[in-house]
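Visitor: Next comes the structure file target-v4.pdb, holding PDB, C-alpha atoms, pLDDT in the B column.
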```
ATOM      1  CA  MET A   1       3.230 -14.098  -9.642  1.00 72.00           C
ATOM      2  CA  VAL A   2       3.577 -13.749  -5.862  1.00 82.00           C
ATOM      3  CA  LEU A   3       4.698 -10.137  -6.172  1.00 81.00           C
ATOM      4  CA  LEU A   4       1.833  -9.292  -8.493  1.00 82.00           C
ATOM      5  CA  PHE A   5      -0.748 -10.906  -6.219  1.00 86.00           C
ATOM      6  CA  SER A   6       0.768  -9.097  -3.242  1.00 85.00           C
ATOM      7  CA  GLN A   7       0.322  -5.812  -5.069  1.00 83.00           C
ATOM      8  CA  PHE A   8      -3.295  -6.654  -5.872  1.00 86.00           C
ATOM      9  CA  SER A   9      -4.034  -7.566  -2.243  1.00 87.00           C
ATOM     10  CA  ALA A  10      -2.323  -4.419  -0.977  1.00 85.00           C
ATOM     11  CA  LEU A  11      -4.622  -2.174  -2.999  1.00 85.00           C
ATOM     12  CA  CYS A  12      -7.645  -4.142  -1.813  1.00 88.00           C
ATOM     13  CA  THR A  13      -6.761  -3.020   1.718  1.00 85.00           C
ATOM     14  CA  ASP A  14      -7.335   0.571   0.638  1.00 86.00           C
ATOM     15  CA  THR A  15     -10.876   0.170  -0.675  1.00 89.00           C
ATOM     16  CA  PHE A  16     -12.356  -2.937   0.942  1.00 89.00           C
ATOM     17  CA  LEU A  17     -13.680  -0.994   3.935  1.00 89.00           C
ATOM     18  CA  PHE A  18     -15.539   1.650   1.902  1.00 89.00           C
ATOM     19  CA  PRO A  19     -18.990  -0.036   2.022  1.00 88.00           C
ATOM     20  CA  PHE A  20     -19.219  -0.672   5.764  1.00 88.00           C
ATOM     21  CA  PHE A  21     -16.664   1.500   7.575  1.00 92.00           C
ATOM     22  CA  PRO A  22     -18.812   4.683   7.648  1.00 92.00           C
ATOM     23  CA  GLN A  23     -21.527   2.931   9.679  1.00 91.00           C
ATOM     24  CA  GLU A  24     -18.977   1.635  12.180  1.00 91.00           C
ATOM     25  CA  ALA A  25     -17.260   5.026  12.370  1.00 94.00           C
ATOM     26  CA  LYS A  26     -20.534   6.873  12.969  1.00 94.00           C
ATOM     27  CA  SER A  27     -21.362   4.483  15.794  1.00 93.00           C
ATOM     28  CA  LYS A  28     -18.055   5.588  17.336  1.00 94.00           C
ATOM     29  CA  GLY A  29     -19.034   9.250  17.030  1.00 93.00           C
ATOM     30  CA  LEU A  30     -17.100  10.232  13.885  1.00 95.00           C
ATOM     31  CA  ASN A  31     -18.482  12.783  11.440  1.00 95.00           C
ATOM     32  CA  HIS A  32     -18.102  12.806   7.651  1.00 94.00           C
ATOM     33  CA  PHE A  33     -14.921  14.898   7.720  1.00 96.00           C
ATOM     34  CA  GLU A  34     -13.244  12.558  10.192  1.00 95.00           C
ATOM     35  CA  ILE A  35     -14.235   9.518   8.136  1.00 95.00           C
ATOM     36  CA  GLY A  36     -12.741  11.182   5.073  1.00 95.00           C
ATOM     37  CA  THR A  37      -9.568  11.858   7.044  1.00 95.00           C
ATOM     38  CA  VAL A  38      -9.250   8.159   7.849  1.00 95.00           C
ATOM     39  CA  TYR A  39      -9.618   7.330   4.164  1.00 94.00           C
ATOM     40  CA  GLY A  40      -7.217  10.060   3.057  1.00 94.00           C
ATOM     41  CA  SER A  41      -4.467   9.138   5.518  1.00 95.00           C
ATOM     42  CA  PHE A  42      -3.740   5.998   3.481  1.00 94.00           C
ATOM     43  CA  GLU A  43      -3.119   7.877   0.239  1.00 91.00           C
ATOM     44  CA  LEU A  44      -1.278  10.723   1.970  1.00 94.00           C
ATOM     45  CA  ALA A  45       1.143   8.190   3.427  1.00 94.00           C
ATOM     46  CA  ARG A  46       1.649   6.646  -0.026  1.00 91.00           C
ATOM     47  CA  PHE A  47       2.265  10.105  -1.468  1.00 92.00           C
ATOM     48  CA  THR A  48       4.988  10.932   1.053  1.00 92.00           C
ATOM     49  CA  THR A  49       6.605   7.489   1.303  1.00 90.00           C
ATOM     50  CA  ALA A  50       7.078   6.568  -2.363  1.00 84.00           C
ATOM     51  CA  PRO A  51       9.645   9.245  -3.362  1.00 81.00           C
ATOM     52  CA  VAL A  52      11.627   8.782  -0.153  1.00 84.00           C
ATOM     53  CA  LEU A  53      11.775   5.025  -0.584  1.00 81.00           C
ATOM     54  CA  GLY A  54      12.747   5.381  -4.231  1.00 73.00           C
ATOM     55  CA  TYR A  55      15.878   7.140  -3.013  1.00 75.00           C
ATOM     56  CA  LEU A  56      16.563   4.812  -0.073  1.00 78.00           C
ATOM     57  CA  LEU A  57      16.430   1.640  -2.185  1.00 73.00           C
ATOM     58  CA  SER A  58      19.958   2.491  -3.313  1.00 72.00           C
ATOM     59  CA  TRP A  59      21.058   1.566   0.212  1.00 82.00           C
ATOM     60  CA  ILE A  60      18.536  -0.996   1.444  1.00 83.00           C
ATOM     61  CA  SER A  61      17.524  -4.354   0.015  1.00 86.00           C
ATOM     62  CA  PRO A  62      14.392  -4.361  -2.196  1.00 86.00           C
ATOM     63  CA  ARG A  63      13.721  -7.934  -1.051  1.00 88.00           C
ATOM     64  CA  ILE A  64      13.751  -7.016   2.636  1.00 90.00           C
ATOM     65  CA  THR A  65      11.651  -3.934   1.909  1.00 89.00           C
ATOM     66  CA  CYS A  66       9.090  -5.996   0.005  1.00 91.00           C
ATOM     67  CA  ILE A  67       8.812  -8.690   2.675  1.00 93.00           C
ATOM     68  CA  THR A  68       8.668  -6.178   5.529  1.00 94.00           C
ATOM     69  CA  ALA A  69       5.987  -4.149   3.754  1.00 93.00           C
ATOM     70  CA  THR A  70       3.856  -7.247   3.180  1.00 94.00           C
ATOM     71  CA  ILE A  71       3.863  -8.443   6.788  1.00 95.00           C
ATOM     72  CA  THR A  72       3.206  -4.861   7.910  1.00 95.00           C
ATOM     73  CA  LEU A  73       0.147  -4.763   5.658  1.00 94.00           C
ATOM     74  CA  ALA A  74      -1.144  -8.019   7.128  1.00 95.00           C
ATOM     75  CA  ILE A  75      -0.724  -6.729  10.686  1.00 96.00           C
ATOM     76  CA  THR A  76      -2.321  -3.340  10.003  1.00 96.00           C
ATOM     77  CA  CYS A  77      -5.251  -4.971   8.218  1.00 94.00           C
ATOM     78  CA  ILE A  78      -6.042  -7.159  11.224  1.00 95.00           C
ATOM     79  CA  ALA A  79      -5.364  -4.292  13.638  1.00 95.00           C
ATOM     80  CA  LEU A  80      -7.870  -2.066  11.847  1.00 94.00           C
ATOM     81  CA  GLY A  81     -10.531  -4.718  12.324  1.00 92.00           C
ATOM     82  CA  LEU A  82      -9.779  -4.821  16.047  1.00 93.00           C
ATOM     83  CA  MET A  83     -10.498  -1.095  16.295  1.00 93.00           C
ATOM     84  CA  THR A  84     -14.165  -1.966  16.678  1.00 92.00           C
ATOM     85  CA  TYR A  85     -13.257  -2.788  20.292  1.00 93.00           C
ATOM     86  CA  ALA A  86     -11.360   0.480  20.851  1.00 93.00           C
ATOM     87  CA  PRO A  87     -12.825   3.223  23.077  1.00 94.00           C
ATOM     88  CA  ASN A  88     -14.647   5.923  21.147  1.00 93.00           C
ATOM     89  CA  HIS A  89     -12.126   8.655  21.993  1.00 93.00           C
ATOM     90  CA  LEU A  90      -9.232   6.543  20.654  1.00 95.00           C
ATOM     91  CA  PHE A  91     -10.963   5.216  17.549  1.00 95.00           C
ATOM     92  CA  LEU A  92     -10.104   8.141  15.248  1.00 96.00           C
ATOM     93  CA  PRO A  93      -6.381   8.582  16.084  1.00 96.00           C
ATOM     94  CA  LEU A  94      -5.778   4.838  16.052  1.00 96.00           C
ATOM     95  CA  CYS A  95      -7.521   4.375  12.704  1.00 96.00           C
ATOM     96  CA  ILE A  96      -5.574   7.254  11.146  1.00 96.00           C
ATOM     97  CA  THR A  97      -2.299   5.860  12.478  1.00 97.00           C
ATOM     98  CA  ILE A  98      -3.001   2.334  11.250  1.00 96.00           C
ATOM     99  CA  ARG A  99      -4.155   3.539   7.837  1.00 95.00           C
ATOM    100  CA  ALA A 100      -1.076   5.744   7.480  1.00 96.00           C
ATOM    101  CA  ILE A 101       1.215   2.816   8.294  1.00 96.00           C
ATOM    102  CA  ALA A 102      -0.688   0.667   5.793  1.00 95.00           C
ATOM    103  CA  GLY A 103      -0.337   3.362   3.130  1.00 93.00           C
ATOM    104  CA  SER A 104       3.410   3.589   3.697  1.00 94.00           C
ATOM    105  CA  ALA A 105       3.675  -0.194   3.516  1.00 93.00           C
ATOM    106  CA  THR A 106       1.717  -0.244   0.254  1.00 91.00           C
ATOM    107  CA  ALA A 107       4.021   2.364  -1.282  1.00 90.00           C
ATOM    108  CA  SER A 108       7.034   0.378  -0.082  1.00 91.00           C
ATOM    109  CA  LEU A 109       5.634  -2.796  -1.615  1.00 90.00           C
ATOM    110  CA  THR A 110       4.917  -1.098  -4.939  1.00 87.00           C
ATOM    111  CA  VAL A 111       8.345   0.508  -5.270  1.00 86.00           C
ATOM    112  CA  SER A 112      10.274  -2.576  -4.158  1.00 87.00           C
ATOM    113  CA  ALA A 113       8.201  -4.938  -6.323  1.00 86.00           C
ATOM    114  CA  MET A 114       8.758  -2.744  -9.359  1.00 84.00           C
ATOM    115  CA  THR A 115      12.495  -2.650  -8.645  1.00 84.00           C
ATOM    116  CA  ILE A 116      12.693  -6.437  -8.318  1.00 85.00           C
ATOM    117  CA  LEU A 117      10.663  -7.080 -11.467  1.00 83.00           C
ATOM    118  CA  LEU A 118      12.718  -4.629 -13.508  1.00 81.00           C
ATOM    119  CA  LYS A 119      16.071  -6.011 -12.365  1.00 80.00           C
ATOM    120  CA  HIS A 120      15.288  -9.722 -12.153  1.00 76.00           C
ATOM    121  CA  THR A 121      13.177 -10.190 -15.287  1.00 73.00           C
ATOM    122  CA  SER A 122      13.566  -9.396 -18.955  1.00 72.00           C
ATOM    123  CA  PHE A 123      10.313  -7.431 -19.088  1.00 71.00           C
ATOM    124  CA  GLN A 124      10.442  -3.944 -20.507  1.00 76.00           C
ATOM    125  CA  THR A 125       9.787  -1.053 -18.152  1.00 79.00           C
ATOM    126  CA  SER A 126       6.487  -0.292 -19.864  1.00 80.00           C
ATOM    127  CA  THR A 127       5.331  -3.892 -19.351  1.00 80.00           C
ATOM    128  CA  VAL A 128       6.144  -3.895 -15.632  1.00 79.00           C
ATOM    129  CA  VAL A 129       4.492  -0.520 -15.060  1.00 82.00           C
ATOM    130  CA  SER A 130       1.380  -1.546 -17.003  1.00 85.00           C
ATOM    131  CA  LEU A 131       1.071  -4.807 -15.029  1.00 81.00           C
ATOM    132  CA  LEU A 132       1.323  -3.024 -11.696  1.00 80.00           C
ATOM    133  CA  GLU A 133      -1.129  -0.345 -12.805  1.00 83.00           C
ATOM    134  CA  MET A 134      -3.557  -3.030 -13.963  1.00 87.00           C
ATOM    135  CA  LEU A 135      -3.366  -4.800 -10.612  1.00 82.00           C
ATOM    136  CA  GLN A 136      -3.764  -1.543  -8.713  1.00 81.00           C
ATOM    137  CA  GLY A 137      -6.910  -0.796 -10.681  1.00 85.00           C
ATOM    138  CA  GLY A 138      -8.128  -4.335 -10.076  1.00 87.00           C
ATOM    139  CA  GLY A 139      -7.502  -4.025  -6.352  1.00 85.00           C
ATOM    140  CA  TYR A 140      -9.380  -0.735  -6.201  1.00 85.00           C
ATOM    141  CA  ALA A 141     -12.308  -2.237  -8.129  1.00 89.00           C
ATOM    142  CA  VAL A 142     -12.555  -5.597  -6.363  1.00 90.00           C
ATOM    143  CA  GLY A 143     -11.927  -4.295  -2.838  1.00 88.00           C
ATOM    144  CA  PRO A 144     -15.342  -2.708  -2.123  1.00 90.00           C
ATOM    145  CA  ALA A 145     -17.321  -5.624  -3.573  1.00 90.00           C
ATOM    146  CA  LEU A 146     -15.228  -8.186  -1.718  1.00 89.00           C
ATOM    147  CA  GLY A 147     -15.463  -6.221   1.511  1.00 88.00           C
ATOM    148  CA  ALA A 148     -19.232  -5.913   1.256  1.00 89.00           C
ATOM    149  CA  ALA A 149     -19.647  -9.623   0.499  1.00 90.00           C
ATOM    150  CA  LEU A 150     -17.521 -10.782   3.426  1.00 87.00           C
ATOM    151  CA  HIS A 151     -19.183  -8.252   5.710  1.00 86.00           C
ATOM    152  CA  GLN A 152     -22.547  -9.819   4.940  1.00 88.00           C
ATOM    153  CA  ILE A 153     -21.176 -13.319   5.444  1.00 89.00           C
ATOM    154  CA  GLY A 154     -19.140 -12.916   8.604  1.00 86.00           C
ATOM    155  CA  GLY A 155     -19.718  -9.469  10.057  1.00 85.00           C
ATOM    156  CA  TYR A 156     -17.463  -6.460  10.526  1.00 85.00           C
ATOM    157  CA  THR A 157     -14.214  -8.199  11.428  1.00 86.00           C
ATOM    158  CA  CYS A 158     -14.501 -11.017   8.868  1.00 87.00           C
ATOM    159  CA  MET A 159     -12.998  -9.054   5.985  1.00 86.00           C
ATOM    160  CA  PHE A 160     -10.087  -7.790   8.060  1.00 92.00           C
ATOM    161  CA  TRP A 161      -9.141 -11.260   9.251  1.00 92.00           C
ATOM    162  CA  THR A 162      -9.633 -12.779   5.800  1.00 91.00           C
ATOM    163  CA  LEU A 163      -7.616 -10.216   3.877  1.00 91.00           C
ATOM    164  CA  GLY A 164      -4.999 -10.036   6.613  1.00 92.00           C
ATOM    165  CA  GLY A 165      -4.633 -13.811   6.450  1.00 93.00           C
ATOM    166  CA  VAL A 166      -4.306 -13.785   2.659  1.00 92.00           C
ATOM    167  CA  ILE A 167      -1.613 -11.113   2.800  1.00 93.00           C
ATOM    168  CA  GLY A 168       0.112 -13.071   5.563  1.00 93.00           C
ATOM    169  CA  ALA A 169       0.169 -16.101   3.259  1.00 93.00           C
ATOM    170  CA  THR A 170       1.801 -14.050   0.509  1.00 92.00           C
ATOM    171  CA  PHE A 171       4.402 -12.957   3.072  1.00 93.00           C
ATOM    172  CA  LEU A 172       5.303 -16.597   3.697  1.00 93.00           C
ATOM    173  CA  ALA A 173       5.505 -17.240  -0.044  1.00 91.00           C
ATOM    174  CA  GLN A 174       7.766 -14.233  -0.534  1.00 90.00           C
ATOM    175  CA  LEU A 175      10.274 -15.648   1.936  1.00 89.00           C
ATOM    176  CA  PHE A 176      10.947 -18.480  -0.506  1.00 90.00           C
ATOM    177  CA  VAL A 177      10.466 -17.004  -3.975  1.00 85.00           C
ATOM    178  CA  VAL A 178      11.463 -13.326  -3.902  1.00 84.00           C
ATOM    179  CA  PRO A 179      15.092 -13.039  -5.058  1.00 82.00           C
ATOM    180  CA  GLU A 180      17.784 -10.875  -3.544  1.00 79.00           C
ATOM    181  CA  ILE A 181      18.681  -7.948  -5.768  1.00 73.00           C
ATOM    182  CA  ARG A 182      22.150  -6.477  -5.816  1.00 68.00           C
ATOM    183  CA  ASN A 183      22.029  -2.732  -5.385  1.00 59.00           C
ATOM    184  CA  GLU A 184      23.960  -0.654  -7.883  1.00 58.00           C
ATOM    185  CA  ARG A 185      24.598   2.586  -6.074  1.00 55.00           C
ATOM    186  CA  LYS A 186      25.531   5.518  -8.261  1.00 53.00           C
ATOM    187  CA  SER A 187      28.219   7.856  -7.009  1.00 49.00           C
ATOM    188  CA  GLN A 188      26.399  10.867  -8.380  1.00 47.00           C
ATOM    189  CA  SER A 189      22.646  11.057  -8.579  1.00 52.00           C
ATOM    190  CA  LEU A 190      20.316  13.952  -9.116  1.00 53.00           C
ATOM    191  CA  SER A 191      17.551  14.842  -6.742  1.00 55.00           C
ATOM    192  CA  SER A 192      14.026  13.865  -7.716  1.00 55.00           C
ATOM    193  CA  LEU A 193      13.264  17.582  -7.852  1.00 56.00           C
ATOM    194  CA  HIS A 194      15.438  17.828 -10.966  1.00 60.00           C
ATOM    195  CA  MET A 195      12.707  15.935 -12.796  1.00 57.00           C
ATOM    196  CA  LEU A 196      10.500  18.989 -12.421  1.00 57.00           C
ATOM    197  CA  LYS A 197      13.035  20.969 -14.445  1.00 60.00           C
ATOM    198  CA  LEU A 198      12.666  18.775 -17.501  1.00 59.00           C
ATOM    199  CA  PRO A 199      11.166  20.635 -20.478  1.00 62.00           C
ATOM    200  CA  GLY A 200       7.506  19.797 -20.789  1.00 58.00           C
ATOM    201  CA  ILE A 201       7.014  19.387 -17.024  1.00 53.00           C
ATOM    202  CA  ILE A 202       7.804  22.895 -15.792  1.00 53.00           C
ATOM    203  CA  ASP A 203       9.186  25.595 -18.031  1.00 50.00           C
ATOM    204  CA  TYR A 204      11.880  26.731 -15.625  1.00 44.00           C
ATOM    205  CA  ARG A 205      13.668  28.740 -18.321  1.00 45.00           C
ATOM    206  CA  ASN A 206      11.191  31.580 -17.909  1.00 47.00           C
ATOM    207  CA  GLN A 207      11.879  31.880 -14.202  1.00 46.00           C
TER     208      GLN A 207
END
```
Hey, can you dump this file as structure tokens for me?
Guide:
Amino acid sequence: MVLLFSQFSALCTDTFLFPFFPQEAKSKGLNHFEIGTVYGSFELARFTTAPVLGYLLSWISPRITCITATITLAITCIALGLMTYAPNHLFLPLCITIRAIAGSATASLTVSAMTILLKHTSFQTSTVVSLLEMLQGGGYAVGPALGAALHQIGGYTCMFWTLGGVIGATFLAQLFVVPEIRNERKSQSLSSLHMLKLPGIIDYRNQ
């Protein structure tokens, strides 16, 4: 339950700033392209981190990865809220950096949580994947509404502190409930690029 809620909260950090961030960014001198770059840096970091981490989890602990990713998300969430006090010329690079770190942490949390759930529970792979996909969709959907509501209640920084605090609480819970998983390192493993050679993905036989 803690892992699933952590995944839900992590995806909220991607979309919760959509309703109010553009106004703050424009007040700092950002244009539409730069605002889009801040948004896109999160997903770009997820895109590049996930396959690398999938390989590295053969050597590092999924539990440590999960816990580290969660506390990183809490810190980056609060840090992004503090960017309202940053000088205008530093606002864009700092926001991109923080969002990229948050995206990498989200990918790390997703991959490690899936690994733990698959190895420590009796759920089928399809069940675990469907649960995580459901929570990702829920996080994407709830994030903007929750962000807008808390922005109206407490102002710009309220949502960052609130969500950062919630994720920090899940970090504390993970310290006690997330089990250690024994890594089973394979002596021979194919590169992820070999997946692209599977029939039905890319017809490499005609090359």
Visitor: When you draw a straight line from atom CA of A:Ile96 to atom CA of A:Phe16, how long is it in Å?
Guide: 15.9 Å
Visitor: So, counting all atoms listed in the file, which residue among A:Ser27, A:Arg46, A:Cys66, A:Leu94 is closest to A:Leu82?
Guide: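 Checking each of A:Ser27, A:Arg46, A:Cys66, A:Leu94 against A:Leu82, counting all atoms listed in the file, the winner is A:Leu94.
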Visitor: I'd like the neighbourhood of stretch 165-182 of chain A as a PyMOL selection string, where a residue qualifies if any of its atoms comes within 9 Å (using all atoms listed in the file), though same-chain residues fewer than 3 positions away should be ignored.
Guide: chain A and resi 2-3+5-6+9-10+61-64+66-71+73-75+77-78+115-116+119-120+160-162
Visitor: Suppose we keep C-alpha atoms; can you now write the selection as a PDB file, in the frame of the given file?
Guide:
```pdb
ATOM      1  CA  VAL A   2       3.577 -13.749  -5.862  1.00 82.00           C
ATOM      2  CA  LEU A   3       4.698 -10.137  -6.172  1.00 81.00           C
ATOM      3  CA  PHE A   5      -0.748 -10.906  -6.219  1.00 86.00           C
ATOM      4  CA  SER A   6       0.768  -9.097  -3.242  1.00 85.00           C
ATOM      5  CA  SER A   9      -4.034  -7.566  -2.243  1.00 87.00           C
ATOM      6  CA  ALA A  10      -2.323  -4.419  -0.977  1.00 85.00           C
ATOM      7  CA  SER A  61      17.524  -4.354   0.015  1.00 86.00           C
ATOM      8  CA  PRO A  62      14.392  -4.361  -2.196  1.00 86.00           C
ATOM      9  CA  ARG A  63      13.721  -7.934  -1.051  1.00 88.00           C
ATOM     10  CA  ILE A  64      13.751  -7.016   2.636  1.00 90.00           C
ATOM     11  CA  CYS A  66       9.090  -5.996   0.005  1.00 91.00           C
ATOM     12  CA  ILE A  67       8.812  -8.690   2.675  1.00 93.00           C
ATOM     13  CA  THR A  68       8.668  -6.178   5.529  1.00 94.00           C
ATOM     14  CA  ALA A  69       5.987  -4.149   3.754  1.00 93.00           C
ATOM     15  CA  THR A  70       3.856  -7.247   3.180  1.00 94.00           C
ATOM     16  CA  ILE A  71       3.863  -8.443   6.788  1.00 95.00           C
ATOM     17  CA  LEU A  73       0.147  -4.763   5.658  1.00 94.00           C
ATOM     18  CA  ALA A  74      -1.144  -8.019   7.128  1.00 95.00           C
ATOM     19  CA  ILE A  75      -0.724  -6.729  10.686  1.00 96.00           C
ATOM     20  CA  CYS A  77      -5.251  -4.971   8.218  1.00 94.00           C
ATOM     21  CA  ILE A  78      -6.042  -7.159  11.224  1.00 95.00           C
ATOM     22  CA  THR A 115      12.495  -2.650  -8.645  1.00 84.00           C
ATOM     23  CA  ILE A 116      12.693  -6.437  -8.318  1.00 85.00           C
ATOM     24  CA  LYS A 119      16.071  -6.011 -12.365  1.00 80.00           C
ATOM     25  CA  HIS A 120      15.288  -9.722 -12.153  1.00 76.00           C
ATOM     26  CA  PHE A 160     -10.087  -7.790   8.060  1.00 92.00           C
ATOM     27  CA  TRP A 161      -9.141 -11.260   9.251  1.00 92.00           C
ATOM     28  CA  THR A 162      -9.633 -12.779   5.800  1.00 91.00           C
TER      29      THR A 162
END
```
Visitor: Hey, can you check how far atom CA of A:Phe42 sits from atom CA of A:Phe8?
Guide: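 Between these atoms lies a distance of 15.7 Å.
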Visitor: Mind pulling up the distance from atom CA of A:Leu11 to atom CA of A:Val38?
Guide: 15.7 Å
Visitor: Output file request: stretch 53-78 of chain A, with N, CA and C atoms, as an mmCIF file, in the first residue's frame.
Guide:
```
data_model
loop_
_atom_site.group_PDB
_atom_site.id
_atom_site.type_symbol
_atom_site.label_atom_id
_atom_site.label_comp_id
_atom_site.auth_asym_id
_atom_site.auth_seq_id
_atom_site.Cartn_x
_atom_site.Cartn_y
_atom_site.Cartn_z
ATOM 1 N N LEU A 53 18.276 2.398 -15.180
ATOM 2 C CA LEU A 53 18.043 1.849 -13.848
ATOM 3 C C LEU A 53 17.593 0.395 -13.917
ATOM 4 N N GLY A 54 16.821 0.049 -14.948
ATOM 5 C CA GLY A 54 16.415 -1.336 -15.102
ATOM 6 C C GLY A 54 17.603 -2.271 -15.190
ATOM 7 N N TYR A 55 18.679 -1.791 -15.783
ATOM 8 C CA TYR A 55 19.914 -2.582 -15.866
ATOM 9 C C TYR A 55 20.676 -2.560 -14.546
ATOM 10 N N LEU A 56 20.742 -1.393 -13.898
ATOM 11 C CA LEU A 56 21.548 -1.250 -12.690
ATOM 12 C C LEU A 56 20.947 -1.962 -11.484
ATOM 13 N N LEU A 57 19.640 -2.233 -11.503
ATOM 14 C CA LEU A 57 19.022 -2.899 -10.358
ATOM 15 C C LEU A 57 19.529 -4.321 -10.157
ATOM 16 N N SER A 58 20.298 -4.843 -11.107
ATOM 17 C CA SER A 58 20.944 -6.132 -10.898
ATOM 18 C C SER A 58 22.091 -6.016 -9.903
ATOM 19 N N TRP A 59 22.568 -4.785 -9.686
ATOM 20 C CA TRP A 59 23.707 -4.568 -8.798
ATOM 21 C C TRP A 59 23.348 -3.783 -7.543
ATOM 22 N N ILE A 60 22.316 -2.962 -7.602
ATOM 23 C CA ILE A 60 21.970 -2.138 -6.448
ATOM 24 C C ILE A 60 20.648 -2.601 -5.855
ATOM 25 N N SER A 61 20.417 -2.241 -4.615
ATOM 26 C CA SER A 61 19.238 -2.701 -3.886
ATOM 27 C C SER A 61 17.984 -1.950 -4.334
ATOM 28 N N PRO A 62 16.925 -2.662 -4.731
ATOM 29 C CA PRO A 62 15.661 -1.984 -5.063
ATOM 30 C C PRO A 62 15.099 -1.206 -3.878
ATOM 31 N N ARG A 63 15.297 -1.730 -2.662
ATOM 32 C CA ARG A 63 14.785 -1.032 -1.477
ATOM 33 C C ARG A 63 15.475 0.316 -1.299
ATOM 34 N N ILE A 64 16.794 0.326 -1.388
ATOM 35 C CA ILE A 64 17.538 1.577 -1.241
ATOM 36 C C ILE A 64 17.178 2.542 -2.364
ATOM 37 N N THR A 65 17.034 2.014 -3.572
ATOM 38 C CA THR A 65 16.653 2.857 -4.708
ATOM 39 C C THR A 65 15.295 3.492 -4.482
ATOM 40 N N CYS A 66 14.342 2.702 -4.011
ATOM 41 C CA CYS A 66 12.987 3.193 -3.766
ATOM 42 C C CYS A 66 12.977 4.288 -2.698
ATOM 43 N N ILE A 67 13.654 4.034 -1.591
ATOM 44 C CA ILE A 67 13.672 4.995 -0.487
ATOM 45 C C ILE A 67 14.398 6.276 -0.891
ATOM 46 N N THR A 68 15.526 6.124 -1.579
ATOM 47 C CA THR A 68 16.282 7.296 -2.026
ATOM 48 C C THR A 68 15.479 8.131 -3.014
ATOM 49 N N ALA A 69 14.782 7.460 -3.929
ATOM 50 C CA ALA A 69 13.967 8.175 -4.911
ATOM 51 C C ALA A 69 12.846 8.951 -4.233
ATOM 52 N N THR A 70 12.248 8.369 -3.206
ATOM 53 C CA THR A 70 11.128 9.028 -2.529
ATOM 54 C C THR A 70 11.569 10.282 -1.795
ATOM 55 N N ILE A 71 12.660 10.214 -1.051
ATOM 56 C CA ILE A 71 13.117 11.409 -0.332
ATOM 57 C C ILE A 71 13.617 12.463 -1.315
ATOM 58 N N THR A 72 14.174 12.024 -2.444
ATOM 59 C CA THR A 72 14.591 12.977 -3.477
ATOM 60 C C THR A 72 13.390 13.714 -4.047
ATOM 61 N N LEU A 73 12.296 12.991 -4.261
ATOM 62 C CA LEU A 73 11.070 13.623 -4.753
ATOM 63 C C LEU A 73 10.543 14.656 -3.768
ATOM 64 N N ALA A 74 10.570 14.327 -2.484
ATOM 65 C CA ALA A 74 10.094 15.273 -1.473
ATOM 66 C C ALA A 74 10.933 16.548 -1.480
ATOM 67 N N ILE A 75 12.245 16.388 -1.578
ATOM 68 C CA ILE A 75 13.147 17.546 -1.558
ATOM 69 C C ILE A 75 12.961 18.404 -2.806
ATOM 70 N N THR A 76 12.878 17.755 -3.977
ATOM 71 C CA THR A 76 12.732 18.524 -5.216
ATOM 72 C C THR A 76 11.379 19.229 -5.283
ATOM 73 N N CYS A 77 10.355 18.614 -4.712
ATOM 74 C CA CYS A 77 9.038 19.245 -4.705
ATOM 75 C C CYS A 77 9.069 20.543 -3.900
ATOM 76 N N ILE A 78 9.658 20.490 -2.721
ATOM 77 C CA ILE A 78 9.764 21.693 -1.890
ATOM 78 C C ILE A 78 10.693 22.714 -2.537
#
```
